[in-house]
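S.K.: Pasting upload12.cif below, which is mmCIF, C-alpha atoms.
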data_final
#
loop_
_atom_site.label_atom_id
_atom_site.label_comp_id
_atom_site.auth_asym_id
_atom_site.auth_seq_id
_atom_site.Cartn_x
_atom_site.Cartn_y
_atom_site.Cartn_z
CA MET U 1479 142.16 -3.95 124.16
CA GLN U 1480 142.29 -2.09 120.86
CA GLN U 1481 140.28 -3.30 117.91
CA PHE U 1482 141.31 -3.47 114.29
CA ALA U 1483 138.83 -6.22 113.43
CA SER U 1484 135.92 -4.37 111.83
CA ASP U 1485 134.41 -0.93 111.37
CA ASN U 1486 131.23 -2.57 112.67
CA TYR U 1487 132.86 -2.58 116.11
CA ALA U 1488 132.90 1.22 116.28
CA PRO U 1489 130.40 3.06 118.46
CA VAL U 1490 127.65 5.29 117.12
CA HIS U 1491 128.96 8.70 116.12
CA PRO U 1492 127.73 11.40 118.54
CA GLU U 1493 126.07 13.35 115.71
CA VAL U 1494 124.14 10.24 114.68
CA MET U 1495 123.14 9.56 118.27
CA ALA U 1496 121.97 13.16 118.61
CA ALA U 1497 119.85 12.75 115.48
CA ILE U 1498 118.22 9.64 116.93
CA VAL U 1499 117.45 11.50 120.14
CA ALA U 1500 116.02 14.44 118.19
CA ALA U 1501 113.76 12.07 116.26
CA ASN U 1502 112.46 10.71 119.58
CA ASP U 1503 110.22 13.74 120.09
CA GLY U 1504 106.63 12.63 120.51
CA PRO U 1505 104.62 10.38 118.21
CA ALA U 1506 105.16 10.13 114.46
CA VAL U 1507 103.44 8.19 111.71
CA SER U 1508 104.97 4.74 111.35
CA TYR U 1509 106.44 2.82 108.41
CA GLY U 1510 108.23 5.79 106.88
CA ASP U 1511 105.39 8.32 106.58
CA ASP U 1512 107.10 10.65 109.03
CA PRO U 1513 108.78 14.06 108.64
CA VAL U 1514 112.31 12.71 109.15
CA SER U 1515 111.90 10.17 106.35
CA ALA U 1516 110.44 12.88 104.13
CA ARG U 1517 113.51 15.05 104.68
CA LEU U 1518 115.70 12.04 103.94
CA GLN U 1519 114.00 11.63 100.57
CA ASP U 1520 114.58 15.30 99.79
CA ARG U 1521 118.22 14.90 100.74
CA ALA U 1522 118.62 11.80 98.57
CA VAL U 1523 117.55 13.84 95.56
CA GLU U 1524 120.20 16.44 96.37
CA VAL U 1525 122.93 13.84 96.90
CA PHE U 1526 122.16 11.25 94.23
CA GLY U 1527 120.05 13.09 91.65
CA GLU U 1528 116.46 14.07 90.97
CA ARG U 1529 115.30 10.57 90.05
CA SER U 1530 116.63 9.02 93.24
CA ARG U 1531 114.38 7.32 95.77
CA ILE U 1532 115.70 6.12 99.10
CA PHE U 1533 114.24 3.33 101.22
CA PRO U 1534 115.65 2.74 104.73
CA VAL U 1535 116.12 -0.91 105.68
CA LEU U 1536 117.43 -2.75 108.72
CA ASN U 1537 120.78 -4.13 107.54
CA GLY U 1538 123.16 -4.53 104.64
CA THR U 1539 122.17 -8.05 103.71
CA GLY U 1540 118.56 -6.92 103.47
CA ALA U 1541 119.57 -3.97 101.29
CA ASN U 1542 121.47 -6.26 98.95
CA VAL U 1543 118.70 -8.86 98.72
CA ILE U 1544 116.00 -6.26 98.00
CA SER U 1545 118.18 -4.46 95.45
CA LEU U 1546 118.88 -7.66 93.55
CA MET U 1547 115.29 -8.86 93.71
CA VAL U 1548 113.93 -5.61 92.33
CA ALA U 1549 116.47 -5.52 89.52
CA ALA U 1550 116.08 -9.07 88.23
CA PRO U 1551 113.30 -11.46 87.21
CA ARG U 1552 112.65 -14.57 89.27
CA TRP U 1553 114.63 -16.72 86.84
CA GLY U 1554 117.56 -14.32 86.72
CA ALA U 1555 121.15 -14.48 87.90
CA VAL U 1556 123.63 -12.01 89.37
CA ILE U 1557 127.18 -11.61 88.09
CA ALA U 1558 129.51 -10.75 90.98
CA SER U 1559 133.14 -11.18 91.90
CA ASP U 1560 134.32 -14.40 93.49
CA VAL U 1561 134.99 -12.49 96.74
CA ALA U 1562 131.75 -10.48 96.69
CA HIS U 1563 129.92 -10.22 99.99
CA VAL U 1564 126.68 -11.34 98.30
CA HIS U 1565 128.50 -14.50 97.24
CA THR U 1566 130.64 -15.39 100.24
CA ASP U 1567 129.39 -13.69 103.40
CA GLU U 1568 125.60 -13.55 103.47
CA ASN U 1569 124.93 -17.24 104.13
CA GLY U 1570 123.40 -17.60 100.68
CA ALA U 1571 120.68 -15.04 101.45
CA PRO U 1572 120.52 -13.63 97.90
CA GLU U 1573 119.99 -17.15 96.61
CA ARG U 1574 117.86 -18.49 99.46
CA VAL U 1575 115.52 -15.50 99.73
CA SER U 1576 115.41 -14.16 96.19
CA GLY U 1577 116.01 -17.37 94.25
CA LEU U 1578 118.63 -15.59 92.13
CA LYS U 1579 121.76 -17.55 91.30
CA ILE U 1580 125.11 -15.85 91.91
CA LEU U 1581 127.50 -16.23 88.96
CA ALA U 1582 130.98 -15.73 90.41
CA ALA U 1583 133.65 -14.17 88.20
CA PRO U 1584 137.38 -14.24 88.99
CA SER U 1585 138.62 -11.02 90.55
CA VAL U 1586 141.98 -9.29 90.72
CA ALA U 1587 142.53 -7.49 94.04
CA GLY U 1588 138.79 -7.73 94.57
CA ARG U 1589 137.84 -6.03 91.30
CA ILE U 1590 136.26 -7.44 88.16
CA GLY U 1591 136.21 -6.01 84.65
CA PRO U 1592 133.94 -6.07 81.61
CA ASP U 1593 135.09 -9.62 80.86
CA ALA U 1594 132.96 -10.72 83.83
CA VAL U 1595 129.89 -9.72 81.83
CA ASP U 1596 131.26 -11.26 78.64
CA ARG U 1597 131.91 -14.48 80.53
CA TYR U 1598 128.17 -15.07 81.08
CA ALA U 1599 126.45 -12.97 78.41
CA GLY U 1600 126.55 -15.93 76.03
CA ASP U 1601 124.07 -17.73 78.29
CA LEU U 1602 121.33 -15.22 77.51
CA GLY U 1603 118.51 -17.01 75.75
CA ASN U 1604 119.74 -20.48 76.75
CA VAL U 1605 116.88 -22.12 78.64
CA HIS U 1606 119.31 -24.47 80.38
CA ARG U 1607 121.26 -21.63 82.04
CA ALA U 1608 120.40 -19.07 84.68
CA GLN U 1609 119.86 -15.80 82.84
CA PRO U 1610 122.27 -13.00 83.76
CA ALA U 1611 120.19 -10.00 84.79
CA VAL U 1612 122.31 -7.93 87.17
CA LEU U 1613 125.96 -6.99 87.51
CA SER U 1614 126.73 -6.47 91.20
CA LEU U 1615 129.85 -4.54 92.20
CA THR U 1616 131.21 -3.89 95.69
CA GLN U 1617 132.59 -0.41 96.41
CA VAL U 1618 134.95 -0.48 98.40
CA THR U 1619 135.73 -4.08 97.38
CA GLU U 1620 136.14 -6.83 99.92
CA LEU U 1621 139.91 -6.51 99.52
CA GLY U 1622 139.93 -2.79 100.23
CA THR U 1623 140.37 -1.63 96.65
CA VAL U 1624 138.33 1.00 94.82
CA TYR U 1625 136.76 1.23 91.38
CA SER U 1626 137.48 4.56 89.66
CA PRO U 1627 134.67 6.46 87.90
CA PRO U 1628 136.00 5.51 84.41
CA ASP U 1629 136.20 1.86 85.44
CA LEU U 1630 132.63 1.99 86.75
CA LYS U 1631 131.37 3.69 83.59
CA LEU U 1632 132.96 1.00 81.42
CA LEU U 1633 131.39 -1.73 83.56
CA THR U 1634 127.92 -0.19 83.57
CA ASP U 1635 128.02 0.48 79.83
CA THR U 1636 129.02 -3.13 79.18
CA ALA U 1637 126.28 -4.45 81.44
CA HIS U 1638 123.58 -2.20 79.99
CA ALA U 1639 124.59 -3.12 76.44
CA ALA U 1640 123.97 -6.76 77.36
CA GLY U 1641 120.57 -5.89 78.90
CA LEU U 1642 121.71 -6.13 82.53
CA ARG U 1643 121.04 -3.71 85.35
CA VAL U 1644 123.85 -2.65 87.68
CA HIS U 1645 123.81 -2.88 91.47
CA VAL U 1646 126.46 -1.52 93.83
CA ASP U 1647 126.96 -2.96 97.30
CA GLY U 1648 128.00 0.29 98.90
CA SER U 1649 128.50 -0.75 102.50
CA ARG U 1650 131.71 1.34 102.36
CA LEU U 1651 130.75 3.62 99.49
CA ALA U 1652 131.65 6.65 101.61
CA ASN U 1653 135.23 5.41 101.95
CA ALA U 1654 135.53 5.02 98.19
CA ALA U 1655 134.23 8.53 97.55
CA ALA U 1656 136.63 9.94 100.13
CA THR U 1657 139.56 8.14 98.48
CA LEU U 1658 138.60 9.30 95.00
CA GLY U 1659 137.86 12.85 96.08
CA VAL U 1660 134.36 12.81 94.57
CA GLY U 1661 130.79 12.99 95.78
CA LEU U 1662 128.53 9.97 96.17
CA ARG U 1663 126.69 10.80 92.95
CA GLU U 1664 129.86 10.73 90.84
CA ILE U 1665 130.42 7.01 91.55
CA THR U 1666 126.77 5.95 91.36
CA THR U 1667 124.19 7.90 89.35
CA ASP U 1668 126.64 9.63 87.04
CA VAL U 1669 128.32 6.39 85.94
CA GLY U 1670 125.05 4.54 85.29
CA VAL U 1671 124.40 2.54 88.46
CA ASP U 1672 120.73 1.53 88.68
CA VAL U 1673 120.32 0.56 92.33
CA LEU U 1674 122.54 1.03 95.36
CA SER U 1675 122.85 -0.54 98.80
CA PHE U 1676 124.04 2.45 100.82
CA GLY U 1677 125.91 1.69 104.04
CA ALA U 1678 125.60 3.55 107.33
CA ALA U 1679 126.50 1.16 110.17
CA LYS U 1680 130.18 0.90 109.16
CA ASN U 1681 130.53 4.66 108.98
CA GLY U 1682 129.14 5.89 112.29
CA GLY U 1683 125.57 4.59 112.25
CA MET U 1684 123.83 2.46 114.86
CA LEU U 1685 121.88 0.10 112.63
CA GLY U 1686 120.18 0.37 109.30
CA GLU U 1687 121.19 0.91 105.69
CA ALA U 1688 119.24 2.00 102.61
CA VAL U 1689 118.19 0.83 99.17
CA VAL U 1690 118.62 3.77 96.79
CA VAL U 1691 116.95 3.49 93.40
CA LEU U 1692 118.84 5.64 90.92
CA SER U 1693 117.35 4.74 87.55
CA ASP U 1694 114.42 2.91 86.02
CA ASP U 1695 115.94 2.64 82.55
CA GLY U 1696 116.91 -0.59 80.84
CA GLY U 1697 117.24 -3.90 82.58
CA ALA U 1698 116.47 -7.52 81.95
CA ALA U 1699 113.13 -8.59 80.54
CA GLY U 1700 110.77 -9.66 83.29
CA ALA U 1701 112.29 -7.38 85.94
CA SER U 1702 110.24 -4.59 87.43
CA ALA U 1703 109.77 -1.76 84.95
CA ASP U 1704 109.78 0.68 87.86
CA LEU U 1705 112.34 -0.27 90.49
CA GLY U 1706 111.13 2.32 92.97
CA GLU U 1707 107.54 1.12 92.75
CA ALA U 1708 108.51 -2.44 93.65
CA VAL U 1709 110.85 -1.72 96.59
CA PRO U 1710 108.19 -0.97 99.25
CA TYR U 1711 106.49 -4.31 98.69
CA LEU U 1712 109.74 -6.27 98.67
CA ARG U 1713 110.95 -4.40 101.73
CA LYS U 1714 107.87 -5.53 103.66
CA ALA U 1715 107.89 -9.08 102.28
CA THR U 1716 111.54 -9.57 103.25
CA MET U 1717 110.98 -8.28 106.81
CA GLN U 1718 113.12 -5.17 106.25
CA LEU U 1719 110.46 -2.52 106.93
CA ALA U 1720 110.92 -0.96 110.36
CA SER U 1721 107.71 0.20 112.03
CA LYS U 1722 109.57 3.16 113.54
CA THR U 1723 111.40 3.99 110.33
CA ARG U 1724 112.12 7.53 111.51
CA PHE U 1725 114.96 6.25 113.70
CA VAL U 1726 116.72 4.63 110.75
CA SER U 1727 116.02 7.66 108.57
CA ALA U 1728 117.48 9.94 111.24
CA GLN U 1729 120.80 8.11 111.10
CA LEU U 1730 121.00 8.27 107.32
CA LEU U 1731 120.05 11.92 107.37
CA ALA U 1732 122.72 12.70 109.96
CA LEU U 1733 125.34 11.09 107.71
CA LEU U 1734 124.13 12.60 104.43
CA GLY U 1735 123.26 16.00 105.89
CA GLU U 1736 120.00 17.92 106.10
CA PRO U 1737 118.44 19.23 102.88
CA GLY U 1738 120.16 22.36 101.67
CA THR U 1739 123.54 21.64 103.28
CA PRO U 1740 126.68 20.98 101.17
CA THR U 1741 126.96 17.52 99.63
CA SER U 1742 130.75 17.63 99.75
CA GLY U 1743 133.47 19.85 101.19
CA THR U 1744 136.39 19.70 103.56
CA GLY U 1745 136.91 19.90 107.29
CA GLU U 1746 133.99 20.66 109.57
CA GLY U 1747 131.94 21.88 106.62
CA ALA U 1748 131.94 18.45 105.04
CA PRO U 1749 129.00 16.10 105.52
CA LEU U 1750 129.45 13.55 108.27
CA TRP U 1751 129.72 10.59 105.88
CA LEU U 1752 132.77 12.22 104.31
CA ARG U 1753 134.41 13.32 107.55
CA ASN U 1754 134.09 9.83 109.02
CA ALA U 1755 135.27 8.03 105.89
CA ALA U 1756 138.21 10.35 105.29
CA HIS U 1757 139.38 9.84 108.86
CA SER U 1758 139.17 6.04 108.79
CA ASN U 1759 140.98 6.01 105.44
CA ALA U 1760 143.72 8.23 106.86
CA MET U 1761 144.18 5.90 109.83
CA ALA U 1762 144.66 2.91 107.51
CA ALA U 1763 147.20 4.88 105.49
CA ARG U 1764 149.00 5.78 108.74
CA LEU U 1765 149.01 2.11 109.76
CA ARG U 1766 150.54 1.00 106.49
CA ALA U 1767 153.10 3.82 106.57
CA GLY U 1768 154.04 2.88 110.13
CA ILE U 1769 154.63 -0.74 109.16
CA GLU U 1770 156.78 0.30 106.22
CA ALA U 1771 158.73 2.88 108.25
CA ALA U 1772 159.44 0.28 110.93
CA GLY U 1773 161.22 -1.90 108.39
CA LEU U 1774 158.83 -4.81 108.85
CA THR U 1775 158.00 -5.41 105.21
CA GLU U 1776 160.02 -8.64 104.97
CA THR U 1777 158.17 -10.22 107.89
CA VAL U 1778 154.87 -8.34 107.60
CA ARG U 1779 154.06 -8.38 103.89
CA ILE U 1780 151.32 -6.04 102.67
CA THR U 1781 149.19 -8.01 100.21
CA CYS U 1782 146.69 -5.49 98.78
CA PRO U 1783 146.58 -1.81 97.89
CA THR U 1784 145.46 0.32 100.81
CA ASP U 1785 142.83 2.34 98.94
CA ALA U 1786 140.44 2.82 101.83
CA ASN U 1787 140.25 1.99 105.55
CA VAL U 1788 141.80 -1.46 105.65
CA VAL U 1789 145.26 -3.04 105.52
CA PHE U 1790 145.78 -6.64 104.45
CA ALA U 1791 149.06 -8.37 105.30
CA THR U 1792 150.63 -11.74 105.91
CA LEU U 1793 152.81 -12.52 108.92
CA PRO U 1794 153.84 -15.58 110.93
CA ARG U 1795 150.84 -17.27 112.56
CA ALA U 1796 152.61 -17.35 115.91
CA ALA U 1797 153.22 -13.60 115.74
CA ALA U 1798 149.59 -12.96 114.82
CA ASP U 1799 148.45 -14.98 117.82
CA ARG U 1800 150.75 -13.05 120.15
CA LEU U 1801 149.59 -9.75 118.69
CA ARG U 1802 145.99 -10.57 119.62
CA ALA U 1803 146.92 -9.92 123.24
CA HIS U 1804 147.13 -6.27 122.22
CA ALA U 1805 144.38 -5.90 119.62
CA ARG U 1806 141.51 -7.85 118.14
CA PHE U 1807 141.57 -8.60 114.41
CA TYR U 1808 140.52 -11.36 112.04
CA ASP U 1809 142.41 -13.88 109.95
CA TRP U 1810 141.48 -13.50 106.29
CA ALA U 1811 143.15 -16.34 104.39
CA PRO U 1812 146.09 -18.77 104.52
CA GLY U 1813 149.49 -17.20 104.05
CA GLU U 1814 152.24 -18.00 101.58
CA THR U 1815 153.31 -20.99 103.70
CA ALA U 1816 151.66 -23.11 106.36
CA ASP U 1817 153.28 -21.09 109.15
CA ARG U 1818 151.95 -17.75 107.86
CA VAL U 1819 148.48 -16.22 107.72
CA GLU U 1820 146.85 -13.30 105.93
CA VAL U 1821 145.09 -10.92 108.30
CA ARG U 1822 142.81 -7.89 107.94
CA TRP U 1823 143.38 -4.73 109.97
CA MET U 1824 140.36 -2.43 109.71
CA CYS U 1825 140.22 1.19 110.84
CA SER U 1826 137.05 3.06 111.86
CA TRP U 1827 135.79 6.59 112.30
CA ASP U 1828 136.84 6.38 115.96
CA THR U 1829 140.35 4.98 115.39
CA THR U 1830 142.91 7.44 116.73
CA GLU U 1831 146.49 8.16 115.75
CA ALA U 1832 147.50 6.88 119.19
CA ASP U 1833 145.66 3.62 118.48
CA VAL U 1834 147.54 3.16 115.23
CA ASP U 1835 150.93 4.09 116.64
CA GLY U 1836 150.43 1.82 119.64
CA PHE U 1837 149.47 -1.05 117.37
CA VAL U 1838 152.58 -0.55 115.23
CA ARG U 1839 154.76 -0.59 118.35
CA ALA U 1840 153.10 -3.82 119.49
CA LEU U 1841 153.63 -5.28 116.04
CA VAL U 1842 157.33 -4.39 116.12
CA ALA U 1843 157.67 -5.99 119.54
CA THR U 1844 155.81 -9.11 118.44
CA VAL U 1845 157.43 -10.00 115.14
#
Here is a file; write its structure as structure tokens.
M.R.:
Amino acid sequence: MQQFASDNYAPVHPEVMAAIVAANDGPAVSYGDDPVSARLQDRAVEVFGERSRIFPVLNGTGANVISLMVAAPRWGAVIASDVAHVHTDENGAPERVSGLKILAAPSVAGRIGPDAVDRYAGDLGNVHRAQPAVLSLTQVTELGTVYSPPDLKLLTDTAHAAGLRVHVDGSRLANAAATLGVGLREITTDVGVDVLSFGAAKNGGMLGEAVVVLSDDGGAAGASADLGEAVPYLRKATMQLASKTRFVSAQLLALLGEPGTPTSGTGEGAPLWLRNAAHSNAMAARLRAGIEAAGLTETVRITCPTDANVVFATLPRAAADRLRAHARFYDWAPGETADRVEVRWMCSWDTTEADVDGFVRALVATV
């Protein structure tokens, strides 16, 4: 059975697996004081800028929780979209573990604008309200859309002017960079992002993500003056410090590339993060084009822009259920009527053109 349910379903990329095997060469100092993790730090400086510090963690929820905790005081709050992963899909972990309240702002196609900051900035100084301290953005958004560099710069400038730090949940940051045709730095450090949750598992990794501190400037009163100094302690306290950190670092290094290698490019010369993301994006574009070329748009209605590696659509519930005999995928939301449902079709680094074309044929036969 094919899968279009999640890029988490994909296997480990062979280059990542080879990096893990290479790291498994004799003993190494634990908890990140190993040569692989040292090279990863050097690479982070090349990719994200000279002030960058990277901290491998075990999963994306952990990366988000640590990032938000380090960027906000204990009494702070986080402005995020109403569909943000930190708000809807982490079982309240940012609130349960960090004690930070999520302030949800209405989104359009998954994105929020400067008005999300304005919506809550008036609460600053009001002892009866949670104090906004961080603006959290998801890139790619939960609805598969992308923030452009100018949009990000406007958002970070607005947040910083209000005294807020900016966090990016970058579980699919690579896909956004591939879509925009830019490097990772251009949509993080260069637009004023303070702290990043960098994703690996959805883009060819086995397990593990990273907290990347990009800046120590600005921020809410009471937050850590030095984000990078606080992360190691929060990483341990939140059970996100791997004893054998080298195996997480090896995966991140395989995706980002060894120090001295190009940080962008095309074809085989491109870093693995870009090759994988560009391919999964292309497969989603092929899927959407196949649906449109098959003349299915009246029955299968595309509901969101296909900016990255996912297609959202509504179709009859009965057809969706029949289609699951061919491929696994998830329902996303109710459809326009009770007999329809919105679904999410996600492509991965290992999705092939044959997979996509076969799925389109099954869709034609089903609806």
S.K.: Residues at most 10 Å from Leu1774 of chain U, counting all atoms listed in the file, excluding those fewer than 3 positions away in the same chain, as a short mmCIF file (atom, residue, chain, number, x, y, z; two decimals) with C-alpha atoms, in the coordinates of the input?
M.R.:
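Done, and the output landed in result21.cif:
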data_model
loop_
_atom_site.label_atom_id
_atom_site.label_comp_id
_atom_site.auth_asym_id
_atom_site.auth_seq_id
_atom_site.Cartn_x
_atom_site.Cartn_y
_atom_site.Cartn_z
CA GLY U 1768 154.04 2.88 110.13
CA ILE U 1769 154.63 -0.74 109.16
CA GLU U 1770 156.78 0.30 106.22
CA ALA U 1771 158.73 2.88 108.25
CA THR U 1777 158.17 -10.22 107.89
CA VAL U 1778 154.87 -8.34 107.60
CA ARG U 1779 154.06 -8.38 103.89
CA ILE U 1780 151.32 -6.04 102.67
CA LEU U 1793 152.81 -12.52 108.92
CA VAL U 1838 152.58 -0.55 115.23
CA LEU U 1841 153.63 -5.28 116.04
CA VAL U 1842 157.33 -4.39 116.12
CA VAL U 1845 157.43 -10.00 115.14
#
S.K.: Can you work out which one of U:Val1490, U:Pro1710, U:Ser1727, U:Glu1620 has the shortest atom-to-atom distance to Asp1567 of chain U, counting all atoms listed in the file?
M.R.: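 Of all the options, U:Glu1620 lies closest to Asp1567 of chain U.
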S.K.: Between U:Asp1593, U:Tyr1711, U:Met1479, U:Trp1553, which residue has the minimum interatomic distance to Val1605 of chain U, considering all atoms listed in the file?
M.R.: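 Distance minimum relative to Val1605 of chain U lands on U:Trp1553.
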S.K.: Identify all residues satisfying the PyMOL selection byres ((chain U and resi 1833) around 10) in the given file; provide them as a ChimeraX atom specification.
M.R.: /U:1480-1482,1761,1765,1805,1825,1828-1832,1834-1838
S.K.: Evaluate the PyMOL selection byres ((chain U and resi 1676-1684) around 6) on the structure here and hand back the selected residues as a PyMOL selection string.
M.R.: chain U and resi 1485-1486+1490-1491+1648-1649+1674-1675+1685+1687-1688
S.K.: Kindly export the residues of the current selection with C-alpha atoms, as a PDB file, in the frame of the given file.
M.R.:
ATOM      1  CA  ASP U1485     134.410  -0.930 111.370  1.00  0.00           C
ATOM      2  CA  ASN U1486     131.230  -2.570 112.670  1.00  0.00           C
ATOM      3  CA  VAL U1490     127.650   5.290 117.120  1.00  0.00           C
ATOM      4  CA  HIS U1491     128.960   8.700 116.120  1.00  0.00           C
ATOM      5  CA  GLY U1648     128.000   0.290  98.900  1.00  0.00           C
ATOM      6  CA  SER U1649     128.500  -0.750 102.500  1.00  0.00           C
ATOM      7  CA  LEU U1674     122.540   1.030  95.360  1.00  0.00           C
ATOM      8  CA  SER U1675     122.850  -0.540  98.800  1.00  0.00           C
ATOM      9  CA  LEU U1685     121.880   0.100 112.630  1.00  0.00           C
ATOM     10  CA  GLU U1687     121.190   0.910 105.690  1.00  0.00           C
ATOM     11  CA  ALA U1688     119.240   2.000 102.610  1.00  0.00           C
TER      12      ALA U1688
END
